[in-house]
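Note: the block below is structure_32.txt and it holds compact mmCIF, C-alpha atoms.
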```txt
# COMPACT_ATOMS: atom_id res chain seq x y z
CA MET A 14 -0.40 38.98 -85.18
CA LYS A 15 -0.10 35.51 -83.70
CA SER A 16 -0.01 32.57 -86.07
CA SER A 17 -3.27 30.62 -85.87
CA GLY A 18 -2.10 27.67 -87.97
CA GLN A 19 -0.10 24.62 -87.05
CA ILE A 20 3.49 24.86 -85.86
CA SER A 21 5.45 21.67 -86.56
CA VAL A 22 8.62 21.18 -84.51
CA CYS A 23 10.96 18.78 -86.29
CA GLY A 24 13.27 17.40 -83.65
CA CYS A 25 11.86 17.29 -80.11
CA GLY A 26 15.03 16.73 -78.15
CA TRP A 27 16.75 18.86 -75.52
CA LEU A 28 15.72 22.12 -77.22
CA GLY A 29 12.71 21.05 -79.28
CA LEU A 30 10.70 19.38 -76.54
CA PRO A 31 10.57 22.30 -74.07
CA LEU A 32 10.03 24.60 -77.05
CA ALA A 33 7.05 22.56 -78.24
CA LYS A 34 5.63 22.51 -74.71
CA ALA A 35 6.05 26.27 -74.29
CA LEU A 36 4.44 27.05 -77.64
CA GLN A 37 1.51 24.79 -76.82
CA GLN A 38 1.09 26.49 -73.45
CA SER A 39 1.09 29.86 -75.27
CA GLY A 40 -1.90 28.76 -77.33
CA PHE A 41 -0.23 27.57 -80.53
CA SER A 42 -1.36 24.41 -82.29
CA VAL A 43 1.78 22.26 -82.17
CA MET A 44 2.90 18.96 -83.65
CA GLY A 45 6.26 17.36 -82.90
CA SER A 46 8.49 14.70 -84.37
CA LYS A 47 10.81 12.01 -83.05
CA GLN A 48 12.89 9.52 -84.97
CA SER A 49 11.03 6.46 -83.65
CA ARG A 50 7.40 5.53 -83.21
CA GLU A 51 8.15 4.92 -79.53
CA GLY A 52 9.49 8.47 -79.21
CA ALA A 53 6.43 9.87 -80.99
CA ASN A 54 4.17 7.92 -78.63
CA GLN A 55 5.98 9.48 -75.67
CA LEU A 56 5.24 12.94 -77.04
CA GLU A 57 1.59 12.06 -77.52
CA ALA A 58 1.45 10.77 -73.94
CA ILE A 59 2.21 14.31 -72.73
CA GLY A 60 -0.33 15.85 -75.08
CA ILE A 61 1.78 16.78 -78.11
CA PRO A 62 0.51 15.24 -81.39
CA ALA A 63 3.53 13.64 -83.01
CA VAL A 64 4.90 11.69 -85.95
CA ALA A 65 7.84 9.34 -86.35
CA LEU A 66 10.16 10.95 -88.86
CA GLN A 67 13.55 9.72 -90.04
CA LEU A 68 15.76 11.78 -92.32
CA PRO A 69 16.45 11.85 -95.16
CA LEU A 70 12.87 11.31 -96.28
CA GLN A 71 12.93 8.54 -98.85
CA ALA A 72 9.39 8.16 -100.13
CA GLN A 73 6.18 10.04 -100.68
CA ALA A 74 4.85 11.20 -97.32
CA ASP A 75 1.92 9.27 -95.88
CA ALA A 76 -1.17 11.04 -94.60
CA GLU A 77 0.18 11.44 -91.06
CA LEU A 78 3.50 12.84 -92.22
CA SER A 79 1.81 15.08 -94.78
CA SER A 80 -0.27 16.58 -91.98
CA PHE A 81 2.93 17.33 -90.05
CA LEU A 82 4.62 18.89 -93.08
CA ALA A 83 1.61 20.95 -94.18
CA ALA A 84 2.27 23.41 -91.38
CA GLU A 85 1.93 27.15 -91.30
CA VAL A 86 5.46 27.13 -89.88
CA LEU A 87 7.91 24.21 -89.87
CA LEU A 88 10.67 24.62 -87.31
CA ILE A 89 13.72 22.59 -88.33
CA ASN A 90 15.75 21.76 -85.24
CA VAL A 91 17.90 18.85 -86.39
CA PRO A 92 21.53 18.92 -85.20
CA PRO A 93 24.11 16.95 -87.18
CA GLY A 94 24.93 14.80 -84.16
CA ARG A 95 27.93 14.61 -81.88
CA ARG A 96 29.59 11.73 -83.66
CA GLN A 97 31.62 12.10 -86.83
CA MET A 98 29.35 14.04 -89.15
CA ASN A 99 29.00 13.34 -92.83
CA ALA A 100 28.26 16.84 -94.07
CA ALA A 101 26.72 15.65 -97.34
CA ASP A 102 24.29 13.37 -95.49
CA PHE A 103 23.31 16.17 -93.12
CA VAL A 104 22.65 18.54 -96.01
CA GLU A 105 20.56 15.93 -97.83
CA ALA A 106 18.59 15.18 -94.65
CA ILE A 107 17.53 18.80 -94.23
CA MET A 108 16.92 19.46 -97.91
CA SER A 109 14.76 16.34 -98.25
CA LEU A 110 12.64 17.70 -95.40
CA SER A 111 12.42 21.09 -97.12
CA ARG A 112 11.34 19.55 -100.42
CA ALA A 113 8.66 17.42 -98.76
CA ALA A 114 7.38 20.41 -96.77
CA LYS A 115 7.12 22.49 -99.93
CA ARG A 116 5.18 19.74 -101.70
CA SER A 117 2.85 19.38 -98.72
CA GLY A 118 1.94 23.08 -98.65
CA CYS A 119 4.04 24.35 -95.74
CA GLN A 120 4.04 28.15 -95.71
CA ARG A 121 7.12 29.17 -93.72
CA VAL A 122 10.24 27.71 -92.14
CA ILE A 123 12.41 28.52 -89.13
CA PHE A 124 15.84 26.90 -89.40
CA ILE A 125 17.84 26.56 -86.20
CA SER A 126 21.43 27.15 -87.27
CA THR A 127 24.64 27.89 -85.40
CA THR A 128 27.04 30.77 -84.85
CA SER A 129 29.81 28.38 -85.91
CA VAL A 130 29.07 29.66 -89.43
CA TYR A 131 31.21 32.67 -88.43
CA GLY A 132 34.26 30.46 -87.97
CA GLU A 133 37.35 32.12 -86.51
CA ILE A 134 36.35 35.73 -87.22
CA GLU A 135 37.85 38.06 -84.63
CA GLY A 136 36.07 40.77 -82.64
CA GLU A 137 32.46 41.84 -82.80
CA VAL A 138 30.12 39.76 -84.97
CA LEU A 139 26.83 41.28 -86.13
CA GLU A 140 23.92 39.68 -87.97
CA THR A 141 25.30 41.31 -91.13
CA THR A 142 28.82 39.90 -90.71
CA ALA A 143 29.74 37.66 -93.64
CA PRO A 144 30.12 34.05 -92.44
CA GLU A 145 33.51 32.32 -92.76
CA PRO A 146 32.95 28.77 -91.50
CA THR A 147 35.98 26.57 -90.82
CA THR A 148 34.40 23.38 -89.44
CA GLU A 149 32.44 20.79 -91.39
CA SER A 150 29.37 21.57 -89.28
CA GLY A 151 29.69 25.31 -89.86
CA LYS A 152 30.12 24.83 -93.61
CA ALA A 153 27.15 22.46 -93.81
CA HIS A 154 24.88 24.81 -91.85
CA LEU A 155 25.79 27.78 -94.04
CA TYR A 156 25.18 25.79 -97.22
CA ILE A 157 21.78 24.67 -95.91
CA GLU A 158 20.91 28.27 -94.99
CA GLN A 159 21.70 29.35 -98.56
CA GLN A 160 19.76 26.51 -100.15
CA LEU A 161 16.72 27.06 -97.95
CA ARG A 162 16.78 30.78 -98.73
CA GLN A 163 16.54 30.02 -102.46
CA VAL A 164 13.44 27.89 -101.84
CA TRP A 165 11.62 29.87 -99.15
CA GLY A 166 12.80 33.48 -99.62
CA ASP A 167 11.54 35.73 -96.84
CA GLY A 168 9.37 32.83 -95.70
CA LEU A 169 12.52 31.54 -94.00
CA VAL A 170 13.96 32.77 -90.71
CA VAL A 171 17.48 31.56 -89.97
CA LEU A 172 18.19 31.65 -86.24
CA ARG A 173 21.88 31.09 -85.48
CA LEU A 174 22.44 30.01 -81.88
CA ALA A 175 25.54 30.40 -79.76
CA GLY A 176 26.42 27.59 -77.34
CA LEU A 177 23.31 26.37 -75.56
CA ILE A 178 23.02 26.17 -71.80
CA GLY A 179 20.11 25.24 -69.57
CA PRO A 180 18.74 22.36 -67.49
CA GLY A 181 21.15 19.44 -67.56
CA ARG A 182 23.39 21.06 -70.14
CA HIS A 183 26.46 23.11 -69.33
CA PRO A 184 29.97 22.88 -70.84
CA VAL A 185 31.66 23.43 -67.47
CA LYS A 186 31.03 19.73 -66.77
CA PHE A 187 33.46 18.83 -69.57
CA LEU A 188 36.10 21.39 -68.56
CA ALA A 189 36.11 20.90 -64.78
CA GLY A 190 39.52 19.91 -63.48
CA ARG A 191 41.24 20.07 -66.85
CA GLU A 192 44.63 21.77 -67.12
CA ALA A 193 46.44 23.84 -69.74
CA ILE A 194 43.29 24.75 -71.68
CA SER A 195 44.12 27.17 -74.48
CA ASN A 196 42.71 30.65 -75.10
CA GLY A 197 41.64 31.51 -71.59
CA ASP A 198 41.11 35.15 -72.57
CA ALA A 199 38.71 34.36 -75.43
CA PRO A 200 35.17 35.71 -74.98
CA VAL A 201 32.37 33.30 -74.17
CA ASN A 202 29.31 33.11 -76.47
CA LEU A 203 26.41 31.29 -74.84
CA VAL A 204 22.62 31.52 -74.81
CA HIS A 205 20.10 30.03 -72.40
CA LEU A 206 17.30 27.72 -73.50
CA ASP A 207 14.65 30.07 -72.02
CA ASP A 208 15.80 32.97 -74.21
CA VAL A 209 15.78 30.78 -77.33
CA ILE A 210 12.20 29.73 -76.59
CA THR A 211 11.13 33.35 -76.13
CA ALA A 212 12.83 34.36 -79.38
CA VAL A 213 11.07 31.63 -81.37
CA ARG A 214 7.72 32.49 -79.80
CA ASN A 215 8.20 36.13 -80.75
CA ILE A 216 9.07 35.17 -84.34
CA LEU A 217 5.78 33.28 -84.56
CA VAL A 218 3.81 36.14 -83.05
CA GLN A 219 5.26 38.66 -85.50
CA TRP A 220 7.23 37.34 -88.48
CA PRO A 221 10.27 39.65 -88.67
CA ALA A 222 11.30 41.69 -91.69
CA LYS A 223 14.92 40.83 -90.88
CA THR A 224 15.16 37.10 -91.45
CA THR A 225 18.78 36.21 -90.63
CA LEU A 226 19.16 36.47 -86.88
CA HIS A 227 21.45 35.20 -84.15
CA LEU A 228 21.28 34.74 -80.40
CA SER A 229 23.97 35.06 -77.77
CA ALA A 230 23.61 36.51 -74.29
CA PRO A 231 24.85 40.12 -74.11
CA GLN A 232 27.57 39.33 -71.57
CA HIS A 233 30.87 37.86 -72.83
CA PRO A 234 33.25 37.11 -69.94
CA SER A 235 36.55 35.41 -70.72
CA ARG A 236 36.62 31.62 -70.84
CA ALA A 237 38.92 31.48 -67.82
CA GLN A 238 36.76 33.75 -65.68
CA TYR A 239 33.48 32.19 -66.71
CA TYR A 240 34.32 28.51 -66.42
CA ARG A 241 36.27 28.89 -63.20
CA GLU A 242 33.33 30.74 -61.61
CA MET A 243 30.84 28.15 -62.92
CA ALA A 244 32.99 25.29 -61.62
CA SER A 245 33.16 26.98 -58.23
CA MET A 246 29.36 27.43 -58.14
CA ALA A 247 28.85 23.79 -59.12
CA GLU A 248 31.46 22.64 -56.58
CA LEU A 249 33.55 21.07 -59.33
CA PRO A 250 37.36 21.11 -59.69
CA LEU A 251 38.50 24.39 -61.21
CA PRO A 252 39.83 24.25 -64.77
CA GLU A 253 43.16 25.89 -65.56
CA PHE A 254 43.67 28.00 -68.66
CA HIS A 255 46.58 29.36 -70.64
CA PRO A 256 46.27 33.04 -71.64
CA GLY A 257 45.46 34.09 -75.20
CA GLY A 258 42.47 34.40 -77.49
CA GLU A 259 41.43 37.88 -76.36
CA ALA A 260 40.83 38.84 -80.00
CA GLY A 261 38.30 36.05 -80.44
CA LYS A 262 34.81 36.64 -81.75
CA TRP A 263 31.96 37.88 -79.60
CA ILE A 264 28.40 37.66 -80.91
CA ASN A 265 26.50 40.94 -80.64
CA ALA A 266 22.80 40.03 -80.78
CA GLU A 267 21.46 43.49 -79.97
CA GLN A 268 19.81 43.87 -83.38
CA THR A 269 18.07 40.51 -83.06
CA ALA A 270 16.86 41.40 -79.56
CA GLN A 271 15.44 44.66 -80.90
CA VAL A 272 13.79 43.05 -83.91
CA LEU A 273 12.16 40.36 -81.76
CA GLU A 274 11.43 42.65 -78.80
CA LEU A 275 13.37 40.18 -76.70
CA PHE A 276 13.98 40.98 -73.05
CA TRP A 277 16.75 38.71 -71.85
CA GLN A 278 15.89 36.40 -68.98
CA HIS A 279 19.49 35.22 -68.71
CA ALA A 280 21.65 38.17 -69.69
CA ASP A 281 24.13 37.95 -66.81
CA LEU A 282 25.96 34.69 -67.46
CA LEU A 283 28.16 35.04 -64.41
CA SER A 284 25.14 34.97 -62.11
CA GLU A 285 23.70 31.78 -63.61
CA ARG A 286 24.44 28.69 -61.55
CA PRO A 287 24.90 25.65 -63.80
CA GLU A 288 21.60 23.76 -63.88
CA ARG A 289 21.82 20.05 -63.19
```

Could you express the structure from this file as structure tokens?
Amino acid sequence: MKSSGQISVCGCGWLGLPLAKALQQSGFSVMGSKQSREGANQLEAIGIPAVALQLPLQAQADAELSSFLAAEVLLINVPPGRRQMNAADFVEAIMSLSRAAKRSGCQRVIFISTTSVYGEIEGEVLETTAPEPTTESGKAHLYIEQQLRQVWGDGLVVLRLAGLIGPGRHPVKFLAGREAISNGDAPVNLVHLDDVITAVRNILVQWPAKTTLHLSAPQHPSRAQYYREMASMAELPLPEFHPGGEAGKWINAEQTAQVLELFWQHADLLSERPER
């Protein structure tokens, strides 16, 4: 049954903003957050009630922030950032948000995590595969998942995302024309923004019994095949790859798709022209 309470989207950037818009269009009551008051005003100008929120939260929440945190569902979509990440600061940022939400009466949480928690595992990766993170980001995300689970129990859904693609975002732009790229035979794990939005909407419509989920499109071409075809479609210089990596991990999200009754809009990665 569809949630009738407020959905608060913490982090209205490349993923969070179109997600907030789509949820609002589907009839959900949505609030969003940006780091600055100017950013929050921009959200409000397009009809999304918003707060300015900087992490970690340092003080007792004011009335406006308390309203944002007292949500039926708080969606935490806060990436660690592309610059050098201080894992401890990232963990504290998310946990301060969790503590404040709990104090404010929030009922449930969706945490947007990453399939990098699986590290360098080889072969098929299922939702039940034990994570083995190797990067600082992967380790931090897994630790946060575990800490949030202790606080929220089954009131938490962890949604681990493979590499995100969609409007204005495609990794081929960074690989075009490069030479001697390693592991050309490694499988690709990507998921389109549209499918992430549908998955989140379906979680809100029917809170799943299985609460650790992951998303990656069902097709896993090799890196060499995929990025050369994408570069060709985008009329960019073709990248050149060295062989190897064929034993790399591939994310099988069939169970998640079944649980969420998700029908892929972007299952065939090789047919998807990079969106500018």

Residues of region 23-76 of chain A that have any atom at most 8 Å from an atom of region 102-110 of chain A: could you tabulate them with the shortest-distance atom pair and the distance in Å to one decimal, using all atoms listed in the file, ordered by chain and increasing number, as a tab-separated table?
```
residue	atom	partner	partner_atom	distance
A:Leu68	CA	A:Ala106	CA	5.0
A:Pro69	CA	A:Ala106	CA	4.0
A:Leu70	CA	A:Ser109	CA	5.7
```

- Point-to-point distance from CA of Met246 (chain A) to CA of His233 (chain A), Å rounded to tenths: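 These atoms are spaced 18.1 Å apart.
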
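Here CA of Arg191 (chain A) is placed at a distance of 14.7 Å from CA of Pro256 (chain A).
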
- Task: Just give me the gap between CA of Arg116 (chain A) and CA of Leu36 (chain A) in Å, one decimal is fine.
- Result: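 Separating CA of Arg116 (chain A) from CA of Leu36 (chain A) is a distance of 25.2 Å.
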
- Message: I need every residue sitting at most 10 Å from the point (36.8, 36.5, -67.2) (coordinates as in the file, all atoms listed in the file considered), written as a list of chain:residue names.
- Response: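 Nearby residues: A:Gly197, A:Asp198, A:Ala199, A:Pro200, A:Val201, A:His233, A:Pro234, A:Ser235, A:Arg236, A:Ala237, A:Gln238, A:Tyr239, A:Tyr240, A:Arg241, A:Glu242, A:Leu283.
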
Restricting it to C-alpha atoms, dump the selection as a compact mmCIF listing (two decimals), keeping the file's coordinate frame.
```
# COMPACT_ATOMS: atom_id res chain seq x y z
CA GLY A 197 41.64 31.51 -71.59
CA ASP A 198 41.11 35.15 -72.57
CA ALA A 199 38.71 34.36 -75.43
CA PRO A 200 35.17 35.71 -74.98
CA VAL A 201 32.37 33.30 -74.17
CA HIS A 233 30.87 37.86 -72.83
CA PRO A 234 33.25 37.11 -69.94
CA SER A 235 36.55 35.41 -70.72
CA ARG A 236 36.62 31.62 -70.84
CA ALA A 237 38.92 31.48 -67.82
CA GLN A 238 36.76 33.75 -65.68
CA TYR A 239 33.48 32.19 -66.71
CA TYR A 240 34.32 28.51 -66.42
CA ARG A 241 36.27 28.89 -63.20
CA GLU A 242 33.33 30.74 -61.61
CA LEU A 283 28.16 35.04 -64.41
```

- Query: Can you tell me, as a PyMOL selection string, what residues are no more than 8 Å from region 121-125 of chain A when counting only C-alpha atoms, ignoring any on the same chain fewer than 5 positions away?
  - Reply: chain A and resi 84-91+158+165+168-174

- Using all atoms listed in the file, which of the listed residues (A:His279, A:His255, A:Arg50, A:Lys115) sits closest to Gln232 (chain A)?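 Ranking A:His279, A:His255, A:Arg50, A:Lys115 by distance to Gln232 (chain A), first place goes to A:His279.
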
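Nearest residue to Lys262 (chain A) among A:Thr148, A:Asn202, A:Gly118, A:Ile61 is A:Asn202, counting only C-alpha atoms.
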
- Message: Using only C-alpha atoms for the distances, tell me which of A:Phe254, A:Trp220, A:Trp277, A:Phe81 is nearest to Ala189 (chain A).
- Response: A:Phe254

Centre and size of axis-aligned box enclosing region 125-130 of chain A plus 6 Å each side, as lines of an AutoDock Vina configuration file:
```
center_x = 23.8
center_y = 28.7
center_z = -87.1
size_x = 24.0
size_y = 16.2
size_z = 16.6
```

- Message: Tell me which residues come within 12 Å of (13.3, 18.8, -76.3), as a list of chain:residue names, counting all atoms listed in the file in the file's coordinates.
- Response: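 Checked against the point, the hits come out as A:Val22, A:Cys23, A:Gly24, A:Cys25, A:Gly26, A:Trp27, A:Leu28, A:Gly29, A:Leu30, A:Pro31, A:Leu32, A:Ala33, A:Lys34, A:Ala35, A:Gly45, A:Ser46, A:Lys47, A:Gly52, A:Gln55, A:Leu56, A:Ile61, A:Asn90, A:Val91, A:Gly179, A:Pro180, A:Gly181, A:Leu206, A:Ile210.
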
- Fewer than 2 positions away in the same chain doesn't count, so skip those; otherwise give me all residues within 12 Å of Lys223 (chain A), counting only C-alpha atoms, as a list of chain:residue names.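 Within the cut-off, the hits are A:Glu140, A:Thr141, A:Gly166, A:Asp167, A:Gly168, A:Leu169, A:Val170, A:Val171, A:Leu172, A:Ile216, A:Gln219, A:Trp220, A:Pro221, A:Thr225, A:Leu226, A:His227, A:Gln268, A:Thr269, A:Ala270, A:Gln271, A:Val272, A:Leu273.
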
- Message: When you count all atoms listed in the file, which of these residues is closest to Leu251 (chain A): A:Ala83, A:Ala193, A:Ile59, A:Ile178?
- Response: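 The answer is A:Ala193, which sits nearest to Leu251 (chain A).
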
- If you count only C-alpha atoms, the residue of A:Gln48, A:Gly132, A:Val43, A:Gln160 closest to Pro146 (chain A) turns out to be A:Gly132
